[in-house]
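Structure file structure00.txt with compact mmCIF, C-alpha atoms:
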```txt
# COMPACT_ATOMS: atom_id res chain seq x y z
CA MET A 1 0.00 0.00 0.00
CA THR A 2 1.22 3.47 -0.91
CA THR A 3 1.25 6.24 1.69
CA PRO A 4 -1.45 8.78 0.73
CA ILE A 5 -0.35 12.26 -0.24
CA GLY A 6 -2.20 15.58 -0.09
CA ASP A 7 -5.31 16.92 1.58
CA PRO A 8 -7.85 14.36 2.83
CA VAL A 9 -11.19 13.90 1.10
CA PHE A 10 -13.02 14.17 4.44
CA VAL A 11 -12.11 15.54 7.86
CA SER A 12 -13.63 13.96 10.96
CA ASP A 13 -15.51 16.17 13.42
CA GLY A 14 -16.64 13.96 16.29
CA GLU A 15 -19.22 11.62 14.74
CA ARG A 16 -19.54 13.84 11.67
CA PHE A 17 -17.46 14.05 8.50
CA VAL A 18 -16.78 17.35 6.77
CA PRO A 19 -16.09 17.19 3.01
CA THR A 20 -13.07 19.09 1.78
CA GLU A 21 -12.43 20.59 -1.65
CA ALA A 22 -10.91 17.23 -2.60
CA ALA A 23 -14.38 15.60 -2.43
CA ILE A 24 -15.92 17.84 -5.11
CA GLY A 25 -17.06 16.22 -8.37
CA PRO A 26 -17.54 17.60 -11.90
CA TRP A 27 -21.18 18.67 -11.52
CA SER A 28 -20.80 21.89 -9.50
CA ALA A 29 -18.56 23.56 -6.95
CA ASP A 30 -20.79 22.27 -4.12
CA ALA A 31 -21.60 18.72 -5.34
CA LEU A 32 -19.54 15.79 -4.08
CA GLN A 33 -18.21 13.03 -6.32
CA GLY A 34 -19.96 9.68 -5.91
CA SER A 35 -16.57 7.97 -5.66
CA ALA A 36 -15.81 9.97 -2.52
CA THR A 37 -19.09 9.29 -0.75
CA ALA A 38 -19.14 5.61 -1.74
CA ALA A 39 -15.68 5.13 -0.24
CA LEU A 40 -16.76 6.88 2.98
CA LEU A 41 -19.76 4.53 3.40
CA VAL A 42 -17.57 1.48 2.77
CA ARG A 43 -15.22 2.72 5.47
CA ALA A 44 -18.16 2.87 7.90
CA LEU A 45 -19.26 -0.63 6.91
CA GLN A 46 -15.83 -2.12 7.53
CA ALA A 47 -15.60 -0.44 10.94
CA HIS A 48 -19.02 -1.73 12.09
CA ALA A 49 -19.35 -4.90 14.15
CA ALA A 50 -21.99 -6.26 11.74
CA SER A 51 -19.34 -6.94 9.08
CA ARG A 52 -16.98 -8.94 11.28
CA GLY A 53 -16.61 -12.57 10.28
CA ARG A 54 -18.60 -11.95 7.09
CA GLU A 55 -17.66 -11.61 3.43
CA VAL A 56 -18.91 -8.54 1.57
CA ALA A 57 -20.74 -10.07 -1.40
CA ARG A 58 -22.66 -7.06 -2.72
CA LEU A 59 -22.61 -3.29 -2.30
CA SER A 60 -25.56 -1.32 -3.67
CA PHE A 61 -25.48 2.47 -3.70
CA ASP A 62 -28.56 4.61 -4.39
CA PHE A 63 -27.72 8.25 -5.08
CA TRP A 64 -30.97 9.90 -3.98
CA ARG A 65 -29.96 13.56 -3.86
CA PRO A 66 -26.87 15.56 -4.79
CA ALA A 67 -24.41 15.46 -1.90
CA SER A 68 -23.14 18.91 -0.87
CA ARG A 69 -20.31 20.32 1.25
CA ALA A 70 -22.55 20.17 4.34
CA PRO A 71 -21.32 18.02 7.27
CA ILE A 72 -22.19 14.33 6.99
CA THR A 73 -23.60 11.92 9.55
CA LEU A 74 -24.00 8.18 8.98
CA GLU A 75 -26.92 6.07 10.16
CA PHE A 76 -26.80 2.25 10.40
CA THR A 77 -29.79 -0.08 9.92
CA LEU A 78 -29.84 -3.87 10.25
CA LEU A 79 -32.31 -4.95 7.54
CA ARG A 80 -32.03 -8.72 7.87
CA ASP A 81 -29.95 -11.04 10.00
CA GLY A 82 -29.46 -14.74 9.36
CA THR A 83 -26.85 -17.41 9.92
CA LYS A 84 -25.90 -17.40 6.23
CA ALA A 85 -26.80 -13.91 5.01
CA ARG A 86 -27.01 -10.52 6.68
CA THR A 87 -28.22 -7.33 4.99
CA VAL A 88 -27.33 -3.92 6.40
CA ALA A 89 -27.69 -0.33 5.26
CA PHE A 90 -25.80 2.89 5.88
CA ASP A 91 -27.55 6.17 5.13
CA MET A 92 -25.55 9.33 4.54
CA LEU A 93 -27.42 12.29 6.02
CA GLN A 94 -26.94 16.00 5.37
CA ASP A 95 -29.15 18.62 7.02
CA GLY A 96 -31.29 15.78 8.39
CA LYS A 97 -32.05 14.25 4.96
CA SER A 98 -30.73 11.02 3.49
CA VAL A 99 -28.85 11.77 0.28
CA LEU A 100 -27.22 8.37 -0.30
CA ARG A 101 -27.76 4.82 0.90
CA CYS A 102 -25.37 1.88 0.76
CA THR A 103 -26.99 -1.53 1.19
CA ALA A 104 -24.53 -4.35 1.83
CA LEU A 105 -25.07 -8.09 1.60
CA LEU A 106 -22.76 -9.89 4.01
CA LEU A 107 -22.38 -13.66 3.65
CA ARG A 108 -21.02 -16.23 6.06
CA SER A 109 -17.31 -16.88 5.58
CA GLY A 110 -16.26 -20.37 4.54
CA GLN A 111 -14.09 -22.31 2.14
CA THR A 112 -14.99 -22.74 -1.53
CA PRO A 113 -14.89 -26.43 -2.57
CA ALA A 114 -12.09 -27.38 -4.95
CA LEU A 115 -13.55 -27.80 -8.44
CA PRO A 116 -11.99 -28.26 -11.89
CA ALA A 117 -11.15 -24.98 -13.61
CA ALA A 118 -13.53 -24.02 -16.43
CA ASP A 119 -12.04 -22.30 -19.48
CA ALA A 120 -15.37 -20.52 -20.05
CA PHE A 121 -14.69 -18.43 -16.95
CA ALA A 122 -11.14 -17.47 -17.86
CA ALA A 123 -10.74 -13.74 -17.24
CA ALA A 124 -8.86 -11.16 -19.25
CA THR A 125 -5.43 -10.27 -17.95
CA PHE A 126 -3.90 -6.80 -17.91
CA ALA A 127 -0.41 -5.37 -17.63
CA PRO A 128 0.30 -3.77 -14.22
CA PRO A 129 -0.47 -0.09 -13.66
CA GLU A 130 3.19 0.88 -13.99
CA GLU A 131 2.97 -0.11 -17.67
CA GLY A 132 -0.29 1.75 -18.31
CA ALA A 133 -0.66 4.91 -20.36
CA PRO A 134 -1.19 8.25 -18.61
CA ILE A 135 -4.35 10.24 -19.29
CA PRO A 136 -4.37 13.74 -20.85
CA ALA A 137 -3.78 16.58 -18.41
CA ALA A 138 -7.23 18.00 -19.21
CA ALA A 139 -8.86 14.72 -18.15
CA SER A 140 -7.11 14.75 -14.77
CA ARG A 141 -8.70 18.15 -14.09
CA MET A 142 -12.29 16.99 -14.63
CA SER A 143 -12.99 17.44 -10.93
CA PRO A 144 -11.07 18.25 -7.73
CA PHE A 145 -11.70 14.68 -6.55
CA PHE A 146 -10.43 13.13 -9.79
CA ALA A 147 -7.30 15.26 -9.59
CA GLY A 148 -6.37 13.17 -6.52
CA VAL A 149 -6.84 9.85 -8.34
CA ASP A 150 -3.87 8.18 -10.01
CA VAL A 151 -4.94 6.79 -13.41
CA ARG A 152 -3.17 4.52 -15.89
CA MET A 153 -4.99 3.30 -18.99
CA ALA A 154 -4.69 -0.42 -19.75
CA ARG A 155 -6.88 -0.19 -22.88
CA GLY A 156 -8.48 2.72 -24.73
CA GLN A 157 -8.45 6.32 -23.54
CA ILE A 158 -10.66 8.08 -21.06
CA LEU A 159 -12.00 10.89 -23.29
CA GLU A 160 -12.47 8.73 -26.39
CA PRO A 161 -15.71 6.82 -27.13
CA GLY A 162 -15.68 3.05 -26.77
CA PRO A 163 -14.77 0.39 -24.24
CA ALA A 164 -11.77 1.13 -22.05
CA ALA A 165 -9.91 -0.28 -19.06
CA ALA A 166 -8.20 1.87 -16.44
CA TRP A 167 -6.14 1.30 -13.33
CA LEU A 168 -7.25 3.69 -10.59
CA ARG A 169 -5.92 4.56 -7.15
CA LEU A 170 -7.18 7.19 -4.72
CA GLY A 171 -3.87 8.80 -3.81
CA ARG A 172 -5.21 11.16 -1.13
CA PRO A 173 -6.12 10.20 2.44
CA LEU A 174 -9.80 9.29 2.68
CA VAL A 175 -10.46 10.56 6.23
CA ASP A 176 -7.92 12.72 8.07
CA ALA A 177 -4.55 10.98 7.47
CA GLU A 178 -6.09 7.54 6.85
CA ALA A 179 -5.56 5.76 3.53
CA ALA A 180 -8.52 4.21 1.75
CA SER A 181 -8.83 0.45 2.33
CA PRO A 182 -8.78 -1.93 -0.67
CA LEU A 183 -12.58 -2.26 -0.46
CA ALA A 184 -12.98 1.53 -0.36
CA GLN A 185 -10.62 1.75 -3.36
CA VAL A 186 -12.88 -0.68 -5.25
CA ALA A 187 -15.99 1.38 -4.50
CA SER A 188 -14.23 4.59 -5.48
CA ALA A 189 -13.00 3.10 -8.77
CA ALA A 190 -16.28 1.40 -9.64
CA ASP A 191 -18.20 4.68 -9.41
CA LEU A 192 -16.09 5.91 -12.34
CA VAL A 193 -17.19 3.07 -14.66
CA ALA A 194 -19.29 5.31 -16.92
CA GLY A 195 -16.60 7.97 -17.10
CA ILE A 196 -13.97 5.45 -18.19
CA SER A 197 -16.05 4.04 -21.05
CA GLN A 198 -17.78 6.88 -22.92
CA TRP A 199 -20.57 6.20 -25.44
CA ALA A 200 -19.80 9.58 -27.07
CA HIS A 201 -17.40 12.42 -26.33
CA PRO A 202 -18.48 14.10 -23.06
CA ALA A 203 -18.77 17.44 -24.89
CA ARG A 204 -21.65 15.89 -26.90
CA LEU A 205 -23.31 13.56 -24.41
CA GLY A 206 -23.46 13.86 -20.64
CA PHE A 207 -24.90 11.40 -18.16
CA VAL A 208 -26.19 11.06 -14.61
CA ASN A 209 -25.41 7.84 -12.77
CA ALA A 210 -28.34 7.10 -10.45
CA ASP A 211 -26.96 4.04 -8.71
CA LEU A 212 -24.05 1.64 -8.45
CA THR A 213 -24.00 -2.09 -7.68
CA ILE A 214 -20.82 -4.03 -6.96
CA ASN A 215 -20.68 -7.83 -6.71
CA LEU A 216 -17.51 -9.32 -5.25
CA ARG A 217 -16.09 -12.82 -5.63
CA ARG A 218 -13.35 -12.17 -3.07
CA ALA A 219 -11.90 -9.41 -0.95
CA PRO A 220 -9.73 -7.00 -2.98
CA ARG A 221 -6.05 -6.53 -2.18
CA GLY A 222 -3.77 -3.52 -2.53
CA ASP A 223 -4.60 0.02 -3.60
CA TRP A 224 -4.59 -0.13 -7.43
CA MET A 225 -7.93 -1.29 -8.89
CA LEU A 226 -8.72 -1.84 -12.57
CA VAL A 227 -12.13 -1.22 -14.14
CA ASP A 228 -12.65 -2.85 -17.55
CA ALA A 229 -15.63 -0.78 -18.65
CA LEU A 230 -18.34 -0.73 -21.33
CA THR A 231 -21.22 1.76 -21.63
CA LEU A 232 -24.45 0.54 -23.28
CA PRO A 233 -27.24 3.06 -24.05
CA GLY A 234 -30.84 2.19 -24.83
CA PRO A 235 -33.32 3.96 -27.16
CA MET A 236 -35.14 6.00 -24.48
CA GLY A 237 -32.33 8.08 -23.01
CA THR A 238 -31.29 5.50 -20.43
CA GLY A 239 -28.73 2.71 -20.29
CA TYR A 240 -25.99 1.36 -18.10
CA ALA A 241 -22.25 1.08 -17.73
CA ALA A 242 -20.77 -2.27 -16.70
CA GLY A 243 -17.28 -3.10 -15.56
CA GLN A 244 -15.15 -6.04 -14.56
CA LEU A 245 -13.07 -5.27 -11.46
CA HIS A 246 -9.48 -6.44 -10.96
CA ASP A 247 -6.64 -5.91 -8.53
CA ARG A 248 -3.03 -6.85 -9.21
CA ASP A 249 -3.80 -10.49 -8.41
CA GLY A 250 -6.66 -10.85 -10.88
CA PRO A 251 -10.47 -10.61 -11.03
CA VAL A 252 -12.27 -9.27 -7.97
CA GLY A 253 -15.86 -8.74 -9.11
CA GLN A 254 -18.07 -6.65 -11.32
CA CYS A 255 -20.06 -3.41 -11.21
CA VAL A 256 -23.08 -1.89 -12.97
CA SER A 257 -24.31 1.72 -12.93
CA SER A 258 -27.70 2.88 -14.28
CA LEU A 259 -27.42 5.96 -16.48
CA LEU A 260 -29.60 8.83 -17.70
CA PHE A 261 -28.13 10.44 -20.80
CA GLU A 262 -28.35 14.17 -21.56
CA ALA A 263 -27.39 15.77 -24.89
CA ARG A 264 -24.97 18.69 -24.77
CA GLY A 265 -24.22 21.45 -27.26
```

What does this structure look like when you write it as structure tokens?
Amino acid sequence: MTTPIGDPVFVSDGERFVPTEAAIGPWSADALQGSATAALLVRALQAHAASRGREVARLSFDFWRPASRAPITLEFTLLRDGTKARTVAFDMLQDGKSVLRCTALLLRSGQTPALPAADAFAAATFAPPEEGAPIPAAASRMSPFFAGVDVRMARGQILEPGPAAAWLRLGRPLVDAEAASPLAQVASAADLVAGISQWAHPARLGFVNADLTINLRRAPRGDWMLVDALTLPGPMGTGYAAGQLHDRDGPVGQCVSSLLFEARG
């Protein structure tokens, strides 16, 4: 793990979290990036007793309202508890209103039976991030948050239409001086799935991502995460972006984000 550098994305204030300039996304000077808030909720999940002894199998984020620079409080709810599966939720509140919810499915830990390998499930392999291509300087300035993300392209380019794969690492501290955990890095990277794989140049076609779902096959390791992304629009102004998630050791899971497209220019 690399030591984080720069200003933190959030500063703790008792039980509250105060967003810094580094949490701001591309939408406005007061709107937070989904990658930042998703990572913060994952941090809360990992710190809660409900996740101990369980494997995180699914993370579902619903972006209900734009998140602002207002102080954040987090509220935990146990939705279902069983010996095999537990479902919990964390709500992110600002000014007394829930702006974002993370629902997590936690499964009982165990050992997967040894089975013959199936070629049909062979995953794509990628060169390590050190061998990836840098992104244009203009792309790194798309938002204050994104300026703190290290990016190396493994396939395609971030501002060009078509499928693309990118290694991503949140280089800033997430809260105070604390580095983002591997799971928080996955959530942060997965939120960028639609931005990595553009259907058209962003000057022509914008989008709003209304949700994000991450399914994990195992716990991620390290701080670099790769998103192998594809954006698929439908005929009625909606669609989705899907991505396969990798760390340096191979496949970790997958993500899907529902999109609303908006013409520009």

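Candidate residues A:Gln157, A:Thr103, A:Thr37, A:Ser257 were compared for distance to Leu192 of chain A, and the nearest is A:Ser257, using only C-alpha atoms.
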
Listing only residues of segment 64-163 of chain A within 12 Å of segment 4-7 of chain A, what is the closest atom pair and its distance in Å (to one decimal) for each, using all atoms listed in the file, sorted by chain and residue number ascending, as a tab-separated table?
```
residue	atom	partner	partner_atom	distance
A:Pro144	CA	A:Asp7	CA	11.0
A:Phe145	CA	A:Asp7	CA	10.6
A:Ala147	CA	A:Gly6	CA	10.8
A:Gly148	CA	A:Gly6	CA	8.0
A:Val149	CA	A:Pro4	CA	10.6
A:Asp150	CA	A:Pro4	CA	11.0
```

### Query
Could you name the residues that touch Gly96 of chain A at 10 Å or less, counting all atoms listed in the file, but leaving out those on the same chain fewer than 4 positions away, as number ranges by chain?
A: 72-73, 92

In terms of all atoms listed in the file, the residue from A:Ala177, A:Ala44, A:Ala242, A:Met1 at minimal distance from Phe90 of chain A is A:Ala44

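Note that the spacing between atom CA of Ala57 of chain A and atom CA of Leu41 of chain A amounts to 15.4 Å.
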
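Among the candidate residues A:Cys255, A:Asp62, A:Ala184, A:Trp224, the one lying nearest to Gly132 of chain A is A:Trp224, with distances computed using only C-alpha atoms.
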
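Ranking A:Ser51, A:Gln94, A:Thr238, A:Gln198 by their shortest atom-to-atom distance to Ala67 of chain A, with only C-alpha atoms included, puts A:Gln94 first.
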
Give me, as JSON lines, the closest atom pair and its distance (Å, one decimal) for every residue of segment 178-231 of chain A within a cut-off of 12 Å of segment 8-26 of chain A, counting all atoms listed in the file, rows sorted by chain and rising number.
```
{"residue": "A:Glu178", "atom": "CA", "partner": "A:Pro8", "partner_atom": "CA", "distance": 8.1}
{"residue": "A:Ala179", "atom": "CA", "partner": "A:Pro8", "partner_atom": "CA", "distance": 8.9}
{"residue": "A:Ala180", "atom": "CA", "partner": "A:Val9", "partner_atom": "CA", "distance": 10.1}
{"residue": "A:Ser188", "atom": "CA", "partner": "A:Ala23", "partner_atom": "CA", "distance": 11.4}
{"residue": "A:Asp191", "atom": "CA", "partner": "A:Gly25", "partner_atom": "CA", "distance": 11.6}
{"residue": "A:Leu192", "atom": "CA", "partner": "A:Gly25", "partner_atom": "CA", "distance": 11.1}
{"residue": "A:Gly195", "atom": "CA", "partner": "A:Pro26", "partner_atom": "CA", "distance": 11.0}
{"residue": "A:Pro202", "atom": "CA", "partner": "A:Pro26", "partner_atom": "CA", "distance": 11.7}
{"residue": "A:Gly206", "atom": "CA", "partner": "A:Pro26", "partner_atom": "CA", "distance": 11.2}
{"residue": "A:Phe207", "atom": "CA", "partner": "A:Pro26", "partner_atom": "CA", "distance": 11.5}
{"residue": "A:Val208", "atom": "CA", "partner": "A:Pro26", "partner_atom": "CA", "distance": 11.2}
```

Centre and edges of the segment 62-79 of chain A box, axis-aligned, 5 Å extra per side, as AutoDock Vina command-line options:
```
--center_x -26.3 --center_y 7.7 --center_z 2.7 --size_x 22.0 --size_y 35.3 --size_z 25.5
```

re atom CA of Ala39 of chain A and atom CA of Leu183 of chain A: distance 8.0 Å

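Using all atoms listed in the file, the nearest neighbour of Ala104 of chain A within the list A:Ala165, A:Ser68, A:Thr213, A:Pro129 is A:Thr213.
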
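Atom pair atom CA of Cys102 of chain A / atom CA of Leu159 of chain A: separated by 29.0 Å.
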
Practice item. Quick one: everything within 12 Å of Ile158 of chain A, counting all atoms listed in the file, minus sequence neighbours fewer than 2 positions away in the same chain. Send it as number ranges by chain. Key: A: 133-140, 142, 151-156, 160-168, 192-202, 227-230

Write the residues of the preceding selection, restricted to C-alpha atoms, as an mmCIF file, in the coordinates of the input.
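And here is the file that came out, part.cif:
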```cif
data_model
loop_
_atom_site.group_PDB
_atom_site.id
_atom_site.type_symbol
_atom_site.label_atom_id
_atom_site.label_comp_id
_atom_site.auth_asym_id
_atom_site.auth_seq_id
_atom_site.Cartn_x
_atom_site.Cartn_y
_atom_site.Cartn_z
ATOM 1 C CA ALA A 133 -0.660 4.910 -20.360
ATOM 2 C CA PRO A 134 -1.190 8.250 -18.610
ATOM 3 C CA ILE A 135 -4.350 10.240 -19.290
ATOM 4 C CA PRO A 136 -4.370 13.740 -20.850
ATOM 5 C CA ALA A 137 -3.780 16.580 -18.410
ATOM 6 C CA ALA A 138 -7.230 18.000 -19.210
ATOM 7 C CA ALA A 139 -8.860 14.720 -18.150
ATOM 8 C CA SER A 140 -7.110 14.750 -14.770
ATOM 9 C CA MET A 142 -12.290 16.990 -14.630
ATOM 10 C CA VAL A 151 -4.940 6.790 -13.410
ATOM 11 C CA ARG A 152 -3.170 4.520 -15.890
ATOM 12 C CA MET A 153 -4.990 3.300 -18.990
ATOM 13 C CA ALA A 154 -4.690 -0.420 -19.750
ATOM 14 C CA ARG A 155 -6.880 -0.190 -22.880
ATOM 15 C CA GLY A 156 -8.480 2.720 -24.730
ATOM 16 C CA GLU A 160 -12.470 8.730 -26.390
ATOM 17 C CA PRO A 161 -15.710 6.820 -27.130
ATOM 18 C CA GLY A 162 -15.680 3.050 -26.770
ATOM 19 C CA PRO A 163 -14.770 0.390 -24.240
ATOM 20 C CA ALA A 164 -11.770 1.130 -22.050
ATOM 21 C CA ALA A 165 -9.910 -0.280 -19.060
ATOM 22 C CA ALA A 166 -8.200 1.870 -16.440
ATOM 23 C CA TRP A 167 -6.140 1.300 -13.330
ATOM 24 C CA LEU A 168 -7.250 3.690 -10.590
ATOM 25 C CA LEU A 192 -16.090 5.910 -12.340
ATOM 26 C CA VAL A 193 -17.190 3.070 -14.660
ATOM 27 C CA ALA A 194 -19.290 5.310 -16.920
ATOM 28 C CA GLY A 195 -16.600 7.970 -17.100
ATOM 29 C CA ILE A 196 -13.970 5.450 -18.190
ATOM 30 C CA SER A 197 -16.050 4.040 -21.050
ATOM 31 C CA GLN A 198 -17.780 6.880 -22.920
ATOM 32 C CA TRP A 199 -20.570 6.200 -25.440
ATOM 33 C CA ALA A 200 -19.800 9.580 -27.070
ATOM 34 C CA HIS A 201 -17.400 12.420 -26.330
ATOM 35 C CA PRO A 202 -18.480 14.100 -23.060
ATOM 36 C CA VAL A 227 -12.130 -1.220 -14.140
ATOM 37 C CA ASP A 228 -12.650 -2.850 -17.550
ATOM 38 C CA ALA A 229 -15.630 -0.780 -18.650
ATOM 39 C CA LEU A 230 -18.340 -0.730 -21.330
#
```

Across A:Met236, A:Val42, A:Ala89, A:Leu32, the smallest distance to Pro182 of chain A, with only C-alpha atoms counted, is shown by A:Val42

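Using only C-alpha atoms, the residues found no farther than 10 Å from Arg221 of chain A, other than those of its own chain fewer than 3 positions away, are Met1, Ser181, Pro182, Leu183, Gln185, Val186, Arg218, Trp224, Met225, His246, Asp247, Arg248, Asp249, Gly250 and Val252 of chain A.
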
Kindly save the residues from that selection, with C-alpha atoms included, as a compact mmCIF listing (two decimals), in the coordinates of the input.
```
# COMPACT_ATOMS: atom_id res chain seq x y z
CA MET A 1 0.00 0.00 0.00
CA SER A 181 -8.83 0.45 2.33
CA PRO A 182 -8.78 -1.93 -0.67
CA LEU A 183 -12.58 -2.26 -0.46
CA GLN A 185 -10.62 1.75 -3.36
CA VAL A 186 -12.88 -0.68 -5.25
CA ARG A 218 -13.35 -12.17 -3.07
CA TRP A 224 -4.59 -0.13 -7.43
CA MET A 225 -7.93 -1.29 -8.89
CA HIS A 246 -9.48 -6.44 -10.96
CA ASP A 247 -6.64 -5.91 -8.53
CA ARG A 248 -3.03 -6.85 -9.21
CA ASP A 249 -3.80 -10.49 -8.41
CA GLY A 250 -6.66 -10.85 -10.88
CA VAL A 252 -12.27 -9.27 -7.97
```
